[in-house]
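This report refers to the structure that appears directly beneath it.
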4 protein chains.
Amino acid sequence: MTTVSIIGGSGYGGGELLRLLLAHPCVEVKQVTSRSHLGEYVYQVHPNLRKRTQLKFSDPAILEPVDILFLAQPHGTAQHHIQEYAKLGSKIIDLAADFRLRDAAFYEQWYGEKHTAPEWLKKFVYGLPELHRAELPTASYVSGVGCNATASNLALLPLVKADLLDTSSPIFIEIKVGSSEGGAEGNSGSLHAERANVIRTFSAFGHRHTAEVIQEMGVTDISLTMTAVDLVRGVLATAHAKVKQGVTTKDLWKAYRAVANENPFVRVVKEQRGIYRVPEPKILAGSNYADLGFELDERNGHIVAMCAIDNLMKGASGSAVQCMNLMMGWEETLGLEFMGLHPI
Amino acid sequence: MTTVSIIGGSGYGGGELLRLLLAHPCVEVKQVTSRSHLGEYVYQVHPNLRKRTQLKFSDPAILEPVDILFLAQPHGTAQHHIQEYAKLGSKIIDLAADFRLRDAAFYEQWYGEKHTAPEWLKKFVYGLPELHRAELPTASYVSGVGCNATASNLALLPLVKADLLDTSSPIFIEIKVGSSEGGAEGNSGSLHAERANVIRTFSAFGHRHTAEVIQEMGVTDISLTMTAVDLVRGVLATAHAKVKQGVTTKDLWKAYRAVANENPFVRVVKEQRGIYRVPEPKILAGSNYADLGFELDERNGHIVAMCAIDNLMKGASGSAVQCMNLMMGWEETLGLEFMGLHPI
Amino acid sequence: MTTVSIIGGSGYGGGELLRLLLAHPCVEVKQVTSRSHLGEYVYQVHPNLRKRTQLKFSDPAILEPVDILFLAQPHGTAQHHIQEYAKLGSKIIDLAADFRLRDAAFYEQWYGEKHTAPEWLKKFVYGLPELHRAELPTASYVSGVGCNATASNLALLPLVKADLLDTSSPIFIEIKVGSSEGGAEGNSGSLHAERANVIRTFSAFGHRHTAEVIQEMGVTDISLTMTAVDLVRGVLATAHAKVKQGVTTKDLWKAYRAVANENPFVRVVKEQRGIYRVPEPKILAGSNYADLGFELDERNGHIVAMCAIDNLMKGASGSAVQCMNLMMGWEETLGLEFMGLHPI
Amino acid sequence: MTTVSIIGGSGYGGGELLRLLLAHPCVEVKQVTSRSHLGEYVYQVHPNLRKRTQLKFSDPAILEPVDILFLAQPHGTAQHHIQEYAKLGSKIIDLAADFRLRDAAFYEQWYGEKHTAPEWLKKFVYGLPELHRAELPTASYVSGVGCNATASNLALLPLVKADLLDTSSPIFIEIKVGSSEGGAEGNSGSLHAERANVIRTFSAFGHRHTAEVIQEMGVTDISLTMTAVDLVRGVLATAHAKVKQGVTTKDLWKAYRAVANENPFVRVVKEQRGIYRVPEPKILAGSNYADLGFELDERNGHIVAMCAIDNLMKGASGSAVQCMNLMMGWEETLGLEFMGLHPI
């Protein structure tokens, strides 16, 4: 068995990762750390794990070497400790934002602070297999992905790959998100009485995840607008863009099908009948799928490209496990077979 | 007392209208019709009205003359009967879409069918006081407003009025809506188990309400994209557009404040602190307010303009009562004083 | 105009009270205090009040005399200051639990601490008009009501008044509550991601509100079991009890109708058709109604008695305003006319 | 591979069963029938199955023999066809209510109609492994379980097994349910706008599932009261009963632990800290666990016993698959390993 540990396991991303790793047939979880829940059973924080593990949260200061070290700490922590972590595990997968960007200046521009371990940025591979599958088998260090960035990147992927996008036109991505994105700490606006029934456009521009879309898609005139809605898990990105002159719906079908065929977790959802005709995050809770869809106005080239994911799965821990599978040479879908539920 | 009747009172719009009219100090409700609920107490369908009225649903075929006739039927009905309705009431306020557009050809283009009473189109005033206040005191026939059109029109109004919009750039309006928009009949996708937790972009282009925005705002390169979210009452329109070269946040504040000052039901919401910094429909349930907000990226002129309303109030019955007040020379806010609830 | 102030106005109960008082035709609000939001506009905390008042939160240490002083502080505060408050207002209405119980020993039994102003307990009238209407016109000091106690007391009221209850059998009251009961501060379990979709029986026995039911209904073998469900506003109490030998459904109808006839805010909901056949809190948001219903198993005398209220209205601020109306000799329903919404 | 078919696969129970069987390592799904969706891909109705199967709904009139036949039709259908079904599969597992009761007179009493195949009632084993594990390995015919009955039976199981219940006192079971219980057809009250935010005690007595609790627990003075709440999947039963004189919390712990030890899908949830201290259905979506908890008032012997399940899993399809595993001599937990999600 491959040994793994999770540094920072009491948050939502860490908990989801732990759930996946406990069920994974090839790994053994050695440690899960949490300073605030030190000594508690992990199932006291993540109640779905009851009767499935007797692990307790351990002290992040006392770490044993493992084959793969997962980092699931708040942003800005890992870059201070990466040197020591690298001694504990020859492979590191970070879920936070510390090592997602390849360029220190670009990082500073979007995060408003100097990166403290800039020399490490180049060592990491951006952890979205749909974009970097070829590099993962030889990677030692893999970054996490922003959930909103992932929904955006995958919404645009078929268009970018097939070179159908008119990059001289601005791209507006409207992203609707559930409350688990806010994390287990939350804030006053995360209280149920304030957050329920909400449609709250809390960020019109400048969301940090935009940087990952710029980096990975190679587009520049792009904005992400974030709206909180009443849901716990799930992200829907609805991207508005222009396709190149003459691009037809048929061209788009071809581009989308190609991406779905190459990627086990990508599906195209574009039905003429039934209730579920477009990508929707609600049926994706717990699954690693990214559901893509599109609608083209052939008169003016306006495309609405959609991507639905579970922010804690494809947008965080699911992609991390998928990366692990590829890094280790295992079946890409191992431990990620859950189909999602209907109804839910 | 001014006498009023509602034709078609068992739907959500009709029920909301009835609630408002029952509490209005200057009117007396004579009849509320419903074929499917004929003879039932209105409170059996609209349970909030229990102990407030002993009215029963009456037969739409047996109508008495009144001072004002409200039409709250499904779209496409009123145009067939307008001639007879006009004999029953010298003033008519229609909530449906039959008489919203001024041009028969434009109607046919968006509704895919010939209008059956095209000569009546010019007689109606579009029933949004924020756009047509001056015409209402002398109007006999007033149309309803589309809820999504209203959120869109009011989101754009300060920009259009102050001539700040770059109309050569496309305008994308992302609209998130609650389930009451679907009406009391619903469809298979309206079942709670399918509709709860939803983020469903059910219409990428071509929503019929777009026509009302084109007509009223005088813009042409505009699209409305509709996404259903988990909420019963409420619409948020988030419009993406470009302002003219050189327009600043200060210019926008001036334009927004001007509109808020002229309109008792328009508020500007743009706070630096607290939970409610931007327009949100959840706190508007039952109120007639339209909350406006904006965010400008001064580097590229990209504006995100927001408008939140209660689709059954400002987006339907509330505006209809506001129109009645203006048509009758009453205080514009009469019967519409409810502030909305917090929390909810 | 009668002058009023609210001490403690940033919580949910205080905010709701402020909303009602601002709209009340006979009162003028002088001060609303908040230590944590000192100097902020009240609409920054209670966004529904925007454009309706320019009041700011003032310092609770600097209070001016008024005709009526409302106390809306956290439990356990008012009893320490009642002496000074009595100098500021000749009439006091407290929303907290400090003065709900008439007996100091009984208070200590349920609250686990000695009351610090026991001599004041007898001076207060329990603030539920449906139980103490006759005493209110001459009362100077009126207590608040527990929201769960109110739903329970009103569920049992027709049975107790008509002496139909078999008090030798235990009474189990199952209470389902929305998240606004938890208050504006909340706790880790109040986070949307943890509180949404919840059915959580968080208190099987021993809820403090039980004391108010024992005191007011004169029953002893009674338990309240509390279950949190996914809703913001609303309480439903479902009481299980036995009626006396021979009591029929007809007897019950008579008893319920009598209570509804005497009380403007009590309605009986027991329909054979339609969607809303039983009391439901969802349609009561913002209204002061208490909807009562029952179902009797005539074979064994098992009665299920239901009461639905809005916890912030009938269960707190609405009853407080109703008490004020009665204390001042005004129409009992003044300022409480809002009917509630459908759908919502 | 063992071959299986599902008759009636377009409903929620049939869809959930199909999801489980598609992922089960020992079975191959041959047919899934649906008259209304004949010829459609199953993933058009159950969108979570997209990219996991190319099965289409087939005609229920054209069935091939299989090793195990699952029946997932509306209640009252299977009893008319059981003779023919028995020729198609030597093992039959029915999800509906047709064969849950062992006695034809008892069936008639609760269902208000004569059973059309009474001679088959004795051939079926009640399909809850926690109650009938020993009989399942040799059973040919296994019934489904009512979801509310299952929550009730498991809530009472530790008390009944250890003989701790005072059966001379009445047992009141308060059951809160999500909307998926209403089925994929729904009714006017199932519309999102009417069903969201609901706390609706839609059945005070006489729910048909009561019969299964009487039969399986051997208690008679018992009532089930049903309340709909805003959730899609999940049931919580909160049972109020009396324990025998002298029974202590310690005795109860012993009884509960014994049941949890014997049953892989039973867990005891009774924590002193953290958010999840009691059984809650929200974290069980998709899992086959039944979480049990209790609270005892030692002064009067009042026990509140709770059981949370996913109505579509442990309350329907999950138990059916668990029965299949036991009938076939496979590992009991096979294909049912999903842990559930947190947060959700």
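Within each chain, counting starts at residue 1; across the structure tokens, chains are named A, B, ... in the order shown, with ligands numbered 1 upward in that order.
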Could you name the residues that touch range 90-104 of chain A at 7 Å or less, counting only C-alpha atoms, but leaving out those on the same chain fewer than 3 positions away, as a tab-separated table (two decimals) with N, CA and C atoms, in the first residue's frame?
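Done, and the output landed in out_32.tsv:
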```
chain	number	residue	atom	x	y	z
A	67	ASP	N	4.66	8.26	1.41
A	67	ASP	CA	4.91	8.26	-0.03
A	67	ASP	C	4.36	9.54	-0.68
A	68	ILE	N	3.16	9.89	-0.28
A	68	ILE	CA	2.53	11.09	-0.86
A	68	ILE	C	1.98	11.96	0.26
A	69	LEU	N	2.35	13.23	0.20
A	69	LEU	CA	1.85	14.16	1.20
A	69	LEU	C	0.83	15.08	0.55
A	70	PHE	N	-0.37	15.10	1.14
A	70	PHE	CA	-1.40	16.03	0.65
A	70	PHE	C	-1.45	17.24	1.57
A	71	LEU	N	-1.49	18.41	1.00
A	71	LEU	CA	-1.60	19.64	1.78
A	71	LEU	C	-2.99	20.22	1.57
A	72	ALA	N	-3.71	20.43	2.67
A	72	ALA	CA	-5.07	20.96	2.56
A	72	ALA	C	-5.26	22.08	3.57
A	73	GLN	N	-4.27	22.95	3.61
A	73	GLN	CA	-4.29	24.04	4.58
A	73	GLN	C	-4.89	25.31	3.97
A	74	PRO	N	-5.19	26.27	4.80
A	74	PRO	CA	-5.63	27.56	4.25
A	74	PRO	C	-4.55	28.13	3.34
A	75	HIS	N	-5.00	28.92	2.36
A	75	HIS	CA	-4.04	29.53	1.45
A	75	HIS	C	-2.98	30.33	2.20
A	76	GLY	N	-1.75	30.26	1.70
A	76	GLY	CA	-0.68	31.07	2.26
A	76	GLY	C	0.14	30.36	3.32
A	78	ALA	N	1.25	26.78	3.00
A	78	ALA	CA	2.17	25.78	2.43
A	78	ALA	C	3.48	26.40	1.93
A	79	GLN	N	3.41	27.58	1.35
A	79	GLN	CA	4.64	28.17	0.79
A	79	GLN	C	5.70	28.44	1.86
A	86	ALA	N	8.84	18.75	1.73
A	86	ALA	CA	9.50	18.00	0.67
A	86	ALA	C	10.40	16.91	1.24
A	107	TYR	N	1.74	35.99	-9.65
A	107	TYR	CA	1.19	35.68	-8.33
A	107	TYR	C	1.02	36.95	-7.53
A	108	GLU	N	2.04	37.75	-7.48
A	108	GLU	CA	1.99	38.98	-6.69
A	108	GLU	C	0.88	39.92	-7.18
A	115	HIS	N	5.35	36.11	-3.17
A	115	HIS	CA	5.41	34.68	-2.87
A	115	HIS	C	6.68	34.41	-2.07
A	118	PRO	N	9.29	31.43	-4.27
A	118	PRO	CA	9.08	31.55	-5.73
A	118	PRO	C	9.84	30.50	-6.53
A	121	LEU	N	7.74	27.50	-7.61
A	121	LEU	CA	6.58	27.63	-8.51
A	121	LEU	C	6.76	26.81	-9.78
A	122	LYS	N	7.98	26.78	-10.30
A	122	LYS	CA	8.22	26.07	-11.56
A	122	LYS	C	8.22	24.55	-11.38
A	124	PHE	N	6.07	22.84	-9.77
A	124	PHE	CA	4.72	22.28	-9.65
A	124	PHE	C	4.04	22.17	-11.02
A	126	TYR	N	0.26	22.17	-12.68
A	126	TYR	CA	-1.11	22.57	-12.35
A	126	TYR	C	-2.01	21.33	-12.36
A	140	SER	N	6.50	15.35	-9.51
A	140	SER	CA	6.64	15.13	-8.07
A	140	SER	C	5.74	16.06	-7.29
A	141	TYR	N	5.54	17.25	-7.83
A	141	TYR	CA	4.78	18.27	-7.11
A	141	TYR	C	3.61	18.74	-7.97
A	142	VAL	N	2.44	18.64	-7.40
A	142	VAL	CA	1.24	19.00	-8.14
A	142	VAL	C	0.43	19.98	-7.31
A	143	SER	N	-0.02	21.02	-7.96
A	143	SER	CA	-0.82	22.03	-7.25
A	143	SER	C	-2.28	21.64	-7.23
A	144	GLY	N	-3.02	22.30	-6.39
A	144	GLY	CA	-4.47	22.20	-6.44
A	144	GLY	C	-5.02	23.06	-7.55
A	145	VAL	N	-6.35	23.06	-7.64
A	145	VAL	CA	-7.02	23.89	-8.63
A	145	VAL	C	-8.08	24.71	-7.91
A	212	GLU	N	-5.84	31.84	-12.70
A	212	GLU	CA	-5.64	30.47	-13.19
A	212	GLU	C	-6.25	30.27	-14.57
A	316	ALA	N	-11.60	20.34	-6.48
A	316	ALA	CA	-10.63	20.31	-5.38
A	316	ALA	C	-10.12	18.87	-5.18
A	320	ALA	N	-7.52	16.17	-7.20
A	320	ALA	CA	-6.27	15.81	-6.52
A	320	ALA	C	-6.05	14.31	-6.53
```
Contacts from chain A to chain B, 8 Å maximum, only C-alpha atoms: show me the residue list as a ChimeraX atom specification. /A:172,174,176,188-189,193-194,196-202,204-205,229-231,236,238,240,275,278-282,295,297,304,343-344
For the selection you just gave me, I'd like the residues written to a file as a compact mmCIF listing (two decimals), in the first residue's frame, keeping N, CA and C atoms.
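Just written: result-v2.txt:
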```
# COMPACT_ATOMS: atom_id res chain seq x y z
N PHE A 172 -16.95 36.96 -20.61
CA PHE A 172 -17.56 37.16 -19.30
C PHE A 172 -17.97 35.80 -18.76
N GLU A 174 -19.95 34.04 -15.79
CA GLU A 174 -20.84 34.20 -14.64
C GLU A 174 -20.82 32.89 -13.88
N LYS A 176 -21.95 30.71 -10.50
CA LYS A 176 -22.87 30.59 -9.37
C LYS A 176 -22.34 29.50 -8.45
N SER A 188 -19.89 36.09 8.87
CA SER A 188 -21.24 36.44 9.29
C SER A 188 -22.25 36.23 8.17
N GLY A 189 -21.83 36.41 6.94
CA GLY A 189 -22.72 36.21 5.81
C GLY A 189 -22.97 34.75 5.49
N ALA A 193 -29.38 31.80 8.25
CA ALA A 193 -30.48 32.78 8.12
C ALA A 193 -30.13 33.89 7.13
N GLU A 194 -28.87 34.15 6.91
CA GLU A 194 -28.44 35.19 5.97
C GLU A 194 -28.10 34.61 4.60
N ALA A 196 -29.29 31.48 3.33
CA ALA A 196 -30.37 30.75 2.67
C ALA A 196 -31.12 31.69 1.73
N ASN A 197 -31.66 31.15 0.66
CA ASN A 197 -32.48 31.90 -0.30
C ASN A 197 -31.73 33.00 -1.02
N VAL A 198 -30.43 32.95 -0.99
CA VAL A 198 -29.62 34.06 -1.45
C VAL A 198 -29.36 34.01 -2.95
N ILE A 199 -29.36 35.17 -3.57
CA ILE A 199 -28.73 35.35 -4.89
C ILE A 199 -27.88 36.60 -4.72
N ARG A 200 -26.61 36.42 -4.48
CA ARG A 200 -25.73 37.49 -4.03
C ARG A 200 -24.49 37.57 -4.92
N THR A 201 -24.43 38.58 -5.75
CA THR A 201 -23.26 38.77 -6.62
C THR A 201 -22.15 39.42 -5.80
N PHE A 202 -21.43 38.57 -5.08
CA PHE A 202 -20.49 39.09 -4.08
C PHE A 202 -19.17 39.56 -4.67
N ALA A 204 -17.85 41.15 -8.41
CA ALA A 204 -18.12 41.47 -9.81
C ALA A 204 -16.89 41.24 -10.68
N PHE A 205 -15.75 41.58 -10.15
CA PHE A 205 -14.46 41.43 -10.87
C PHE A 205 -13.39 41.01 -9.88
N VAL A 229 -25.50 31.28 -4.48
CA VAL A 229 -26.90 30.85 -4.52
C VAL A 229 -27.12 29.78 -3.44
N ASP A 230 -28.37 29.41 -3.25
CA ASP A 230 -28.73 28.52 -2.15
C ASP A 230 -28.50 27.06 -2.53
N LEU A 231 -27.36 26.57 -2.18
CA LEU A 231 -26.91 25.22 -2.50
C LEU A 231 -25.68 25.03 -1.64
N LEU A 236 -21.65 26.34 -11.07
CA LEU A 236 -21.96 26.39 -12.50
C LEU A 236 -21.30 27.63 -13.06
N THR A 238 -21.15 29.88 -16.38
CA THR A 238 -21.83 30.19 -17.65
C THR A 238 -20.99 31.25 -18.33
N HIS A 240 -19.84 33.63 -21.40
CA HIS A 240 -20.33 34.34 -22.58
C HIS A 240 -19.13 34.78 -23.40
N ILE A 275 -35.86 16.63 -18.20
CA ILE A 275 -35.65 17.71 -17.24
C ILE A 275 -34.21 18.20 -17.28
N VAL A 278 -29.27 20.49 -19.67
CA VAL A 278 -28.04 21.29 -19.59
C VAL A 278 -27.23 20.86 -18.38
N PRO A 279 -25.96 21.25 -18.34
CA PRO A 279 -25.15 20.88 -17.17
C PRO A 279 -25.71 21.49 -15.88
N GLU A 280 -25.78 20.69 -14.83
CA GLU A 280 -26.30 21.15 -13.55
C GLU A 280 -25.47 20.55 -12.43
N PRO A 281 -25.05 21.36 -11.51
CA PRO A 281 -24.22 20.81 -10.44
C PRO A 281 -24.97 19.92 -9.44
N LYS A 282 -26.29 20.09 -9.32
CA LYS A 282 -26.94 19.37 -8.22
C LYS A 282 -26.77 17.86 -8.31
N GLU A 295 -24.57 26.65 -26.08
CA GLU A 295 -25.65 27.13 -26.94
C GLU A 295 -25.04 28.23 -27.80
N ASP A 297 -25.56 31.22 -30.73
CA ASP A 297 -26.43 32.06 -31.54
C ASP A 297 -25.69 32.26 -32.86
N VAL A 304 -22.82 30.64 -25.39
CA VAL A 304 -22.94 30.47 -23.94
C VAL A 304 -22.42 29.07 -23.65
N PRO A 343 -32.86 11.62 -7.40
CA PRO A 343 -32.84 13.08 -7.18
C PRO A 343 -32.00 13.40 -5.95
N ILE A 344 -31.73 14.65 -5.77
CA ILE A 344 -30.97 15.10 -4.61
C ILE A 344 -31.24 16.58 -4.43
```
Set the distance at 12 Å and use only C-alpha atoms: which residues neighbour Val247 in chain A once local chain neighbours fewer than 2 positions away are removed? I'd like the list as an MDAnalysis selection string. chainID A and resid 159 162:166 242:245 249:255 296:303
Go ahead and dump the residues you just picked, C-alpha atoms, as a PDB file, in the first residue's frame.
```pdb
ATOM      1  CA  LEU A 159     -13.285  26.090 -27.614  1.00  0.00           C
ATOM      2  CA  ALA A 162     -10.231  23.486 -31.233  1.00  0.00           C
ATOM      3  CA  ASP A 163      -9.235  27.140 -31.652  1.00  0.00           C
ATOM      4  CA  LEU A 164     -12.820  28.312 -32.087  1.00  0.00           C
ATOM      5  CA  LEU A 165     -12.740  31.285 -29.748  1.00  0.00           C
ATOM      6  CA  ASP A 166     -12.636  34.873 -30.941  1.00  0.00           C
ATOM      7  CA  LYS A 242     -17.764  35.035 -29.242  1.00  0.00           C
ATOM      8  CA  VAL A 243     -16.685  32.271 -31.552  1.00  0.00           C
ATOM      9  CA  LYS A 244     -14.672  32.899 -34.660  1.00  0.00           C
ATOM     10  CA  GLN A 245     -16.473  33.934 -37.814  1.00  0.00           C
ATOM     11  CA  THR A 249     -23.076  24.354 -33.942  1.00  0.00           C
ATOM     12  CA  LYS A 250     -21.758  21.318 -35.764  1.00  0.00           C
ATOM     13  CA  ASP A 251     -18.168  22.484 -35.274  1.00  0.00           C
ATOM     14  CA  LEU A 252     -18.873  22.904 -31.627  1.00  0.00           C
ATOM     15  CA  TRP A 253     -20.363  19.430 -31.234  1.00  0.00           C
ATOM     16  CA  LYS A 254     -17.177  18.043 -32.737  1.00  0.00           C
ATOM     17  CA  ALA A 255     -14.965  20.022 -30.389  1.00  0.00           C
ATOM     18  CA  LEU A 296     -24.634  29.118 -29.994  1.00  0.00           C
ATOM     19  CA  ASP A 297     -26.433  32.057 -31.542  1.00  0.00           C
ATOM     20  CA  GLU A 298     -25.304  31.491 -35.120  1.00  0.00           C
ATOM     21  CA  ARG A 299     -26.467  34.946 -36.171  1.00  0.00           C
ATOM     22  CA  ASN A 300     -23.880  36.786 -34.110  1.00  0.00           C
ATOM     23  CA  GLY A 301     -21.450  34.149 -32.872  1.00  0.00           C
ATOM     24  CA  HIS A 302     -22.418  34.604 -29.252  1.00  0.00           C
ATOM     25  CA  ILE A 303     -21.741  31.358 -27.409  1.00  0.00           C
TER      26      ILE A 303
END
```
Pairwise distance for CA of Thr3 in chain B and CA of Ala117 in chain B, rounded to one decimal in Å: 26.3 Å
Provide the CA of Gly13 in chain D to CA of Glu337 in chain A distance in Å, to one decimal place.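 Going from CA of Gly13 in chain D over to CA of Glu337 in chain A, I get 20.7 Å.
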DSSP on the backbone: what in range 44-134 of chain A comes out strand (DSSP E or B), as a PyMOL selection string? chain A and resi 56-58+66-71+89-94+124-125
DSSP on the backbone: what in range 46-231 of chain B comes out alpha helix (DSSP H), as a PyMOL selection string? chain B and resi 78-88+104-111+129-132+147-161+192-195+210-217
Using only C-alpha atoms, which protein or nucleic acid residues come within 9 Å of Thr53 in chain A? Drop anything in the same chain fewer than 6 positions from it, and give the result as a PyMOL selection string. chain A and resi 22+41-43
